Amino acid sequence: MSTPGPDRVPSTVKVDKTSGQGKPPAAKSTGAKSAGAKSGTRPGARPQGKGGKGRKPTAPVTVKGSRNWGPIAVAGVVVLIAVGIIGYGVFASMKGTQSWEDRAAGIEGVVNYRAQNNPAINAQDHKDGPLTYVTNPPVGGAHNAAWQNCMGDVYAEPIANEHAVHSLEHGAVWVTYKQGLPADQVTKLQEKVQGRDYMFMSPIANLDKNISVQAWGYQLKVDNADDKRIDEFVKALRLNATLEPNAACSSGKTTTGPIQAAAPPAGN
Amino acid sequence: MTVSTESNAPADAGASDDTTPAGHRRFGAVWLAAVLVFGLLVGLAIGLLGPRLTTPGDDSVEAGFLRDMSTHHAQAVEMSMIAHANSADPAVVTLSADIAMTQHGQIGYMQAWLRDWKLSPTSSAPPMSWMKDSAGSVQNGLMPGMATPAQLADLRKATGTALDVQFLTLMRQHHLGGIHMAQEILDESDNTDVTWLAESQVRGQQGEINLIDSMLKKLQAT
């Protein structure tokens, strides 16, 4: 207040430079403030920040800049780290819930017959009597009205494709193996099947690999029962591959051997 | 020392010349935008993560229970359908229909919750691994109370009173195993859907065991 108007700029600068000389800093700053606020003259307004006209105001401007950017940088880093952590959490969480189709596609050697849109494989009609299938073992197509029991059943003899395909439609995974596969390999497969519903297993004729596992529209052929891809296939497709959600695996055929011809009175 | 000058400036912004407050306002806008963007990101993350964090995960006891109980129930349905098709005793026909339809319906509940929670309907973990001290309770992949393949083959072949007695005996055992599992999830879970269903299973199956006992007594007296 009491600082004389014309003197204001030089005096503040002097104080700034010789701050050790005993002038109370408070007096300086109030003086500067009130001067700037009162006068309203552009050159005198120290905090202006442009520094174009007055050569002296440059010093306060730099002081202002350095004072603010420190906390901003710290806050920025903290925010970046937080966003990174949250982003990773979301990514990890989403990755864990990959769709079963994606998990099936990620298994090396899996053949996706659904993608081929083959009418012979996509057909879901019920038909009596022996039927022919375009793959061995079959992965889909018209089938018998009765399904093969797939409550973790382990069949020691070949079963009818016509019943087995119906079980695939209900969401089961069918484990098949070449007849004559060593007993220890068969036992390992059996341990994956027994006690688990929507699983069944049987030997099959003319298999071109030791083991073939199939769900509706999907197939994986491997040479060894220890192959980890068998478990991956089961985890991805068992129940997920169903075309009829909550259709049962019980109340099916528990007999082995080829399909019985339709009874004459039933027609066809 | 100019600190005080700066921090006081916004207070008398209206009175002083506009250059100082303008700088602060521009600065405030940057902060406001940053906070908004950060808030949106946090909100998006919560929206995406929230359902995962508030519903049971892939290795939770709830998911383990729902998967295993689905398999356990499926065998009760299997045995009941055999008895329903083959029994000549109206009481057995009625009880087996009741069990088959109730438990098949409950499988639908359990599978639907797994689906709601974006979890796989099945697991490659061994049966019962969600339960504490479950080691040794699984025989040949069968959970407590489950009938063996040989017992099921016998049941399929049986007729008359032999069928009724076999069915009731196997189902009594099956219910005891199921109640054991349901009580375990009641101890370990506070998910209201799961405990609601498990409570109904304990209650319903205990009642059915009493009924089965009285039916068995009558059958074996004849």
# chains A, B, ... in the order shown; residues from 1 in each chain; ligands from 1
call {"tool": "residues_around", "arguments": {"residues": "Asn122 in chain A", "least_positions_apart": "6", "cutoff": "9 Å", "atoms": "only C-alpha atoms", "output": "list of chain:residue names"}}
result
A:Tyr113, A:Arg114, A:Gly140, A:Gly141, A:Ala142, A:Trp216, A:Gly217
call {"tool": "closest_residue", "arguments": {"among": "B:Ser87, B:Gln166, B:Ser214, B:Gln183", "to": "Val202 in chain B", "atoms": "only C-alpha atoms"}}
result
B:Gln183
call {"tool": "residues_around", "arguments": {"residues": "range 83-87 of chain A", "least_positions_apart": "3", "cutoff": "9 Å", "atoms": "only C-alpha atoms", "output": "ChimeraX atom specification"}}
result
/A:78-80,90-92 /B:38,41-42,45-46
call {"tool": "select_by_dssp", "arguments": {"residues": "range 119-154 of chain A", "states": "strand (DSSP E)", "output": "list in words"}}
result
Met151, Gly152, Asp153 and Val154 of chain A
call {"tool": "atom_distance", "arguments": {"atom1": "CA of Ser202 in chain A", "atom2": "CA of Asp153 in chain A"}}
result
8.8 Å
call {"tool": "closest_residue", "arguments": {"among": "B:Met101, B:Ala33, B:Leu114, B:Ile82", "to": "chain A", "atoms": "only C-alpha atoms"}}
result
B:Ile82
call {"tool": "residues_around", "arguments": {"residues": "Trp100 in chain A", "least_positions_apart": "5", "cutoff": "9 Å", "atoms": "only C-alpha atoms", "output": "MDAnalysis selection string"}}
result
(chainID A and resid 105 235:237 240:241) or (chainID B and resid 120)
call {"tool": "write_last_selection", "arguments": {"atoms": "C-alpha atoms", "output": "PDB file, in the first residue's frame"}}
result
ATOM      1  CA  ALA A 105      -9.537 -72.856 -32.348  1.00  0.00           C
ATOM      2  CA  LYS A 235     -12.352 -78.753 -21.479  1.00  0.00           C
ATOM      3  CA  ALA A 236     -13.236 -76.508 -24.433  1.00  0.00           C
ATOM      4  CA  LEU A 237     -16.008 -78.562 -26.010  1.00  0.00           C
ATOM      5  CA  ASN A 240     -20.251 -76.240 -24.742  1.00  0.00           C
ATOM      6  CA  ALA A 241     -20.625 -77.907 -28.148  1.00  0.00           C
TER       7      ALA A 241
ATOM      8  CA  SER B 120     -16.988 -73.106 -18.328  1.00  0.00           C
TER       9      SER B 120
END
call {"tool": "residues_around", "arguments": {"residues": "Val154 in chain A", "least_positions_apart": "3", "cutoff": "12 Å", "atoms": "only C-alpha atoms", "output": "compact mmCIF listing (two decimals) with all heavy atoms, in the first residue's frame"}}
result
# COMPACT_ATOMS: atom_id res chain seq x y z
N GLN A 148 -26.66 -92.62 -27.86
CA GLN A 148 -25.85 -93.53 -27.06
C GLN A 148 -25.73 -92.94 -25.66
O GLN A 148 -25.53 -91.73 -25.50
CB GLN A 148 -24.46 -93.67 -27.70
CG GLN A 148 -23.63 -94.81 -27.13
CD GLN A 148 -24.10 -96.19 -27.61
OE1 GLN A 148 -24.67 -96.30 -28.71
NE2 GLN A 148 -23.87 -97.22 -26.82
N ASN A 149 -25.88 -93.80 -24.63
CA ASN A 149 -25.71 -93.30 -23.26
C ASN A 149 -24.31 -92.70 -23.12
O ASN A 149 -23.31 -93.34 -23.48
CB ASN A 149 -25.89 -94.46 -22.27
CG ASN A 149 -26.57 -94.03 -21.00
OD1 ASN A 149 -27.72 -93.60 -21.02
ND2 ASN A 149 -25.86 -94.13 -19.87
N CYS A 150 -24.23 -91.46 -22.63
CA CYS A 150 -22.92 -90.78 -22.58
C CYS A 150 -22.64 -90.24 -21.18
O CYS A 150 -22.17 -89.12 -21.00
CB CYS A 150 -22.82 -89.70 -23.65
SG CYS A 150 -24.30 -88.66 -23.87
N MET A 151 -22.95 -91.08 -20.19
CA MET A 151 -22.75 -90.72 -18.78
C MET A 151 -21.37 -91.18 -18.30
O MET A 151 -21.26 -91.80 -17.24
CB MET A 151 -23.84 -91.37 -17.94
CG MET A 151 -25.24 -90.89 -18.27
SD MET A 151 -25.53 -89.21 -17.71
CE MET A 151 -25.40 -89.42 -15.94
N GLU A 157 -16.56 -102.38 -26.87
CA GLU A 157 -16.74 -102.77 -28.28
C GLU A 157 -17.21 -101.56 -29.08
O GLU A 157 -17.77 -100.61 -28.51
CB GLU A 157 -17.81 -103.88 -28.38
CG GLU A 157 -17.52 -105.13 -27.57
CD GLU A 157 -16.29 -105.87 -28.09
OE1 GLU A 157 -16.04 -105.80 -29.32
OE2 GLU A 157 -15.58 -106.50 -27.28
N PRO A 158 -17.02 -101.61 -30.39
CA PRO A 158 -17.51 -100.50 -31.23
C PRO A 158 -19.02 -100.30 -31.07
O PRO A 158 -19.76 -101.27 -30.81
CB PRO A 158 -17.17 -100.95 -32.66
CG PRO A 158 -16.03 -101.88 -32.50
CD PRO A 158 -16.27 -102.61 -31.20
N ILE A 159 -19.46 -99.07 -31.18
CA ILE A 159 -20.88 -98.74 -31.04
C ILE A 159 -21.39 -98.17 -32.36
O ILE A 159 -20.61 -97.88 -33.27
CB ILE A 159 -21.10 -97.71 -29.90
CG1 ILE A 159 -20.26 -96.45 -30.14
CG2 ILE A 159 -20.75 -98.33 -28.54
CD1 ILE A 159 -20.46 -95.35 -29.11
N TRP A 174 -16.93 -87.55 -27.56
CA TRP A 174 -16.77 -88.99 -27.82
C TRP A 174 -15.30 -89.28 -28.04
O TRP A 174 -14.69 -88.71 -28.95
CB TRP A 174 -17.61 -89.34 -29.06
CG TRP A 174 -17.62 -90.78 -29.48
CD1 TRP A 174 -17.30 -91.87 -28.74
CD2 TRP A 174 -17.97 -91.27 -30.79
NE1 TRP A 174 -17.45 -93.02 -29.48
CE2 TRP A 174 -17.87 -92.68 -30.75
CE3 TRP A 174 -18.38 -90.66 -31.98
CZ2 TRP A 174 -18.14 -93.48 -31.86
CZ3 TRP A 174 -18.66 -91.46 -33.08
CH2 TRP A 174 -18.54 -92.85 -33.02
N VAL A 175 -14.76 -90.12 -27.20
CA VAL A 175 -13.36 -90.53 -27.33
C VAL A 175 -13.32 -91.88 -28.05
O VAL A 175 -13.92 -92.84 -27.58
CB VAL A 175 -12.70 -90.67 -25.93
CG1 VAL A 175 -11.25 -91.14 -26.08
CG2 VAL A 175 -12.77 -89.35 -25.17
N THR A 176 -12.66 -91.92 -29.20
CA THR A 176 -12.56 -93.18 -29.95
C THR A 176 -11.09 -93.55 -30.11
O THR A 176 -10.22 -92.67 -30.14
CB THR A 176 -13.19 -93.06 -31.34
OG1 THR A 176 -12.63 -91.91 -32.01
CG2 THR A 176 -14.70 -92.86 -31.25
N TYR A 177 -10.83 -94.84 -30.21
CA TYR A 177 -9.45 -95.29 -30.41
C TYR A 177 -9.43 -96.48 -31.34
O TYR A 177 -10.42 -97.20 -31.50
CB TYR A 177 -8.80 -95.62 -29.06
CG TYR A 177 -9.52 -96.68 -28.26
CD1 TYR A 177 -9.14 -98.03 -28.35
CD2 TYR A 177 -10.59 -96.36 -27.42
CE1 TYR A 177 -9.80 -99.01 -27.62
CE2 TYR A 177 -11.26 -97.34 -26.69
CZ TYR A 177 -10.86 -98.65 -26.79
OH TYR A 177 -11.52 -99.62 -26.08
N VAL A 186 -5.36 -97.39 -23.41
CA VAL A 186 -6.81 -97.42 -23.24
C VAL A 186 -7.18 -97.02 -21.81
O VAL A 186 -8.12 -96.26 -21.58
CB VAL A 186 -7.38 -98.82 -23.58
CG1 VAL A 186 -8.88 -98.88 -23.31
CG2 VAL A 186 -7.08 -99.16 -25.04
N THR A 187 -6.40 -97.50 -20.82
CA THR A 187 -6.67 -97.17 -19.43
C THR A 187 -6.55 -95.66 -19.19
O THR A 187 -7.36 -95.06 -18.49
CB THR A 187 -5.67 -97.91 -18.51
OG1 THR A 187 -5.78 -99.31 -18.79
CG2 THR A 187 -5.98 -97.66 -17.05
N LYS A 188 -5.54 -95.05 -19.82
CA LYS A 188 -5.37 -93.60 -19.64
C LYS A 188 -6.58 -92.83 -20.21
O LYS A 188 -7.02 -91.84 -19.63
CB LYS A 188 -4.09 -93.13 -20.33
CG LYS A 188 -2.86 -93.36 -19.46
CD LYS A 188 -1.59 -93.01 -20.18
CE LYS A 188 -0.39 -93.34 -19.29
NZ LYS A 188 0.87 -93.40 -20.05
N LEU A 189 -7.08 -93.31 -21.33
CA LEU A 189 -8.26 -92.66 -21.92
C LEU A 189 -9.47 -92.87 -21.01
O LEU A 189 -10.27 -91.94 -20.78
CB LEU A 189 -8.55 -93.23 -23.31
CG LEU A 189 -7.53 -92.93 -24.41
CD1 LEU A 189 -7.92 -93.64 -25.70
CD2 LEU A 189 -7.42 -91.42 -24.65
N GLN A 190 -9.59 -94.10 -20.49
CA GLN A 190 -10.71 -94.44 -19.63
C GLN A 190 -10.77 -93.53 -18.40
O GLN A 190 -11.84 -93.11 -17.96
CB GLN A 190 -10.55 -95.90 -19.20
CG GLN A 190 -11.71 -96.48 -18.45
CD GLN A 190 -11.52 -97.97 -18.21
OE1 GLN A 190 -10.93 -98.68 -19.04
NE2 GLN A 190 -12.01 -98.46 -17.08
N GLU A 191 -9.59 -93.19 -17.85
CA GLU A 191 -9.55 -92.31 -16.67
C GLU A 191 -10.07 -90.91 -16.98
O GLU A 191 -10.51 -90.19 -16.07
CB GLU A 191 -8.11 -92.23 -16.13
CG GLU A 191 -7.74 -93.48 -15.33
CD GLU A 191 -6.25 -93.61 -15.11
OE1 GLU A 191 -5.49 -92.70 -15.52
OE2 GLU A 191 -5.84 -94.64 -14.54
N LYS A 192 -10.01 -90.50 -18.24
CA LYS A 192 -10.52 -89.19 -18.61
C LYS A 192 -12.05 -89.20 -18.76
O LYS A 192 -12.68 -88.15 -18.83
CB LYS A 192 -9.91 -88.73 -19.94
CG LYS A 192 -8.40 -88.61 -19.93
CD LYS A 192 -7.90 -88.19 -21.31
CE LYS A 192 -6.40 -88.33 -21.45
NZ LYS A 192 -5.63 -87.51 -20.49
N VAL A 193 -12.62 -90.40 -18.87
CA VAL A 193 -14.03 -90.53 -19.26
C VAL A 193 -14.92 -90.95 -18.09
O VAL A 193 -15.96 -90.33 -17.84
CB VAL A 193 -14.17 -91.53 -20.43
CG1 VAL A 193 -15.64 -91.81 -20.72
CG2 VAL A 193 -13.46 -90.99 -21.67
N GLN A 194 -14.51 -91.99 -17.36
CA GLN A 194 -15.43 -92.57 -16.39
C GLN A 194 -15.77 -91.58 -15.27
O GLN A 194 -14.92 -90.82 -14.81
CB GLN A 194 -14.85 -93.87 -15.81
CG GLN A 194 -13.54 -93.69 -15.11
CD GLN A 194 -12.91 -95.03 -14.70
OE1 GLN A 194 -13.45 -96.08 -14.99
NE2 GLN A 194 -11.78 -94.95 -14.04
N GLY A 195 -17.02 -91.60 -14.86
CA GLY A 195 -17.49 -90.72 -13.81
C GLY A 195 -17.85 -89.33 -14.31
O GLY A 195 -18.31 -88.50 -13.53
N ARG A 196 -17.61 -89.04 -15.59
CA ARG A 196 -17.93 -87.70 -16.11
C ARG A 196 -19.08 -87.81 -17.10
O ARG A 196 -18.97 -88.51 -18.12
CB ARG A 196 -16.71 -87.10 -16.83
CG ARG A 196 -15.57 -86.79 -15.87
CD ARG A 196 -14.36 -86.32 -16.64
NE ARG A 196 -13.20 -86.24 -15.76
CZ ARG A 196 -12.81 -85.11 -15.16
NH1 ARG A 196 -13.43 -83.99 -15.40
NH2 ARG A 196 -11.77 -85.12 -14.36
N ASP A 197 -20.15 -87.09 -16.81
CA ASP A 197 -21.24 -87.09 -17.79
C ASP A 197 -20.82 -86.25 -19.00
O ASP A 197 -19.88 -85.46 -18.93
CB ASP A 197 -22.55 -86.59 -17.16
CG ASP A 197 -22.43 -85.24 -16.49
OD1 ASP A 197 -21.28 -84.79 -16.27
OD2 ASP A 197 -23.46 -84.64 -16.16
N TYR A 198 -21.54 -86.43 -20.09
CA TYR A 198 -21.20 -85.80 -21.37
C TYR A 198 -19.82 -86.24 -21.86
O TYR A 198 -19.09 -85.47 -22.49
CB TYR A 198 -21.34 -84.27 -21.30
CG TYR A 198 -22.78 -83.88 -21.04
CD1 TYR A 198 -23.23 -83.68 -19.72
CD2 TYR A 198 -23.70 -83.80 -22.06
CE1 TYR A 198 -24.56 -83.39 -19.46
CE2 TYR A 198 -25.04 -83.51 -21.80
CZ TYR A 198 -25.45 -83.31 -20.50
OH TYR A 198 -26.76 -83.03 -20.25
N MET A 199 -19.48 -87.49 -21.54
CA MET A 199 -18.28 -88.14 -22.06
C MET A 199 -18.64 -89.60 -22.34
O MET A 199 -19.39 -90.21 -21.57
CB MET A 199 -17.15 -88.13 -21.03
CG MET A 199 -16.58 -86.76 -20.68
SD MET A 199 -15.50 -86.10 -21.95
CE MET A 199 -14.12 -87.21 -21.84
N PHE A 200 -18.13 -90.17 -23.42
CA PHE A 200 -18.22 -91.60 -23.64
C PHE A 200 -17.09 -92.03 -24.55
O PHE A 200 -16.44 -91.19 -25.18
CB PHE A 200 -19.60 -92.02 -24.19
CG PHE A 200 -19.98 -91.48 -25.55
CD1 PHE A 200 -20.28 -92.35 -26.60
CD2 PHE A 200 -20.07 -90.12 -25.79
CE1 PHE A 200 -20.66 -91.88 -27.84
CE2 PHE A 200 -20.45 -89.64 -27.04
CZ PHE A 200 -20.75 -90.52 -28.06
N MET A 201 -16.84 -93.33 -24.57
CA MET A 201 -15.63 -93.80 -25.21
C MET A 201 -15.84 -95.19 -25.81
O MET A 201 -16.55 -96.01 -25.22
CB MET A 201 -14.54 -93.82 -24.15
CG MET A 201 -13.37 -94.72 -24.38
SD MET A 201 -12.21 -94.48 -23.00
CE MET A 201 -11.18 -95.89 -23.27
N SER A 202 -15.26 -95.42 -26.97
CA SER A 202 -15.37 -96.74 -27.60
C SER A 202 -14.25 -96.91 -28.63
O SER A 202 -13.71 -95.93 -29.14
CB SER A 202 -16.73 -96.86 -28.31
OG SER A 202 -16.74 -96.05 -29.47
N PRO A 203 -13.90 -98.17 -28.92
CA PRO A 203 -13.01 -98.40 -30.05
C PRO A 203 -13.80 -98.19 -31.34
O PRO A 203 -15.03 -98.21 -31.33
CB PRO A 203 -12.60 -99.87 -29.88
CG PRO A 203 -13.73 -100.49 -29.12
CD PRO A 203 -14.30 -99.41 -28.24
N THR A 254 -27.31 -98.40 -24.27
CA THR A 254 -26.08 -98.86 -23.62
C THR A 254 -25.55 -100.10 -24.31
O THR A 254 -24.60 -100.72 -23.84
CB THR A 254 -26.34 -99.16 -22.13
OG1 THR A 254 -27.45 -100.05 -22.03
CG2 THR A 254 -26.64 -97.89 -21.36
N THR A 255 -26.16 -100.44 -25.45
CA THR A 255 -25.72 -101.62 -26.20
C THR A 255 -24.58 -101.25 -27.15
O THR A 255 -24.42 -100.07 -27.51
CB THR A 255 -26.89 -102.18 -27.03
OG1 THR A 255 -27.50 -101.10 -27.75
CG2 THR A 255 -27.94 -102.81 -26.13
N THR A 256 -23.80 -102.24 -27.55
CA THR A 256 -22.73 -102.01 -28.53
C THR A 256 -23.12 -102.72 -29.83
O THR A 256 -24.18 -103.32 -29.92
CB THR A 256 -21.39 -102.56 -28.01
OG1 THR A 256 -21.56 -103.94 -27.68
CG2 THR A 256 -20.94 -101.81 -26.76
N THR B 148 -21.82 -97.52 -9.28
CA THR B 148 -20.77 -97.94 -10.21
C THR B 148 -21.40 -98.39 -11.52
O THR B 148 -22.60 -98.69 -11.58
CB THR B 148 -19.97 -99.12 -9.62
OG1 THR B 148 -20.87 -100.25 -9.50
CG2 THR B 148 -19.41 -98.78 -8.24
N PRO B 149 -20.60 -98.45 -12.59
CA PRO B 149 -21.13 -98.95 -13.87
C PRO B 149 -21.76 -100.33 -13.72
O PRO B 149 -22.80 -100.62 -14.34
CB PRO B 149 -19.90 -98.98 -14.78
CG PRO B 149 -19.00 -97.92 -14.23
CD PRO B 149 -19.21 -97.95 -12.74
N ALA B 150 -21.17 -101.20 -12.86
CA ALA B 150 -21.72 -102.56 -12.67
C ALA B 150 -23.10 -102.48 -12.00
O ALA B 150 -24.02 -103.21 -12.38
CB ALA B 150 -20.76 -103.39 -11.83
call {"tool": "residues_around", "arguments": {"residues": "range 54-57 of chain B", "least_positions_apart": "6", "cutoff": "8 Å", "atoms": "only C-alpha atoms", "output": "list of chain:residue names"}}
result
B:Ala63, B:Trp117, B:Leu119
call {"tool": "closest_residue", "arguments": {"among": "B:Val37, B:Ala83, B:Leu48, B:Leu163", "to": "chain A", "atoms": "only C-alpha atoms"}}
result
B:Leu48
call {"tool": "residues_around", "arguments": {"residues": "Asn112 in chain A", "least_positions_apart": "6", "cutoff": "10 Å", "atoms": "only C-alpha atoms", "output": "list in words"}}
result
Glu101, Ala104, Ala105, Val139, Ala215, Trp216, Gly217, Tyr218, Gln219 and Leu220 of chain A
call {"tool": "atom_distance", "arguments": {"atom1": "CA of Asp190 in chain B", "atom2": "CA of Asp58 in chain B"}}
result
16.4 Å
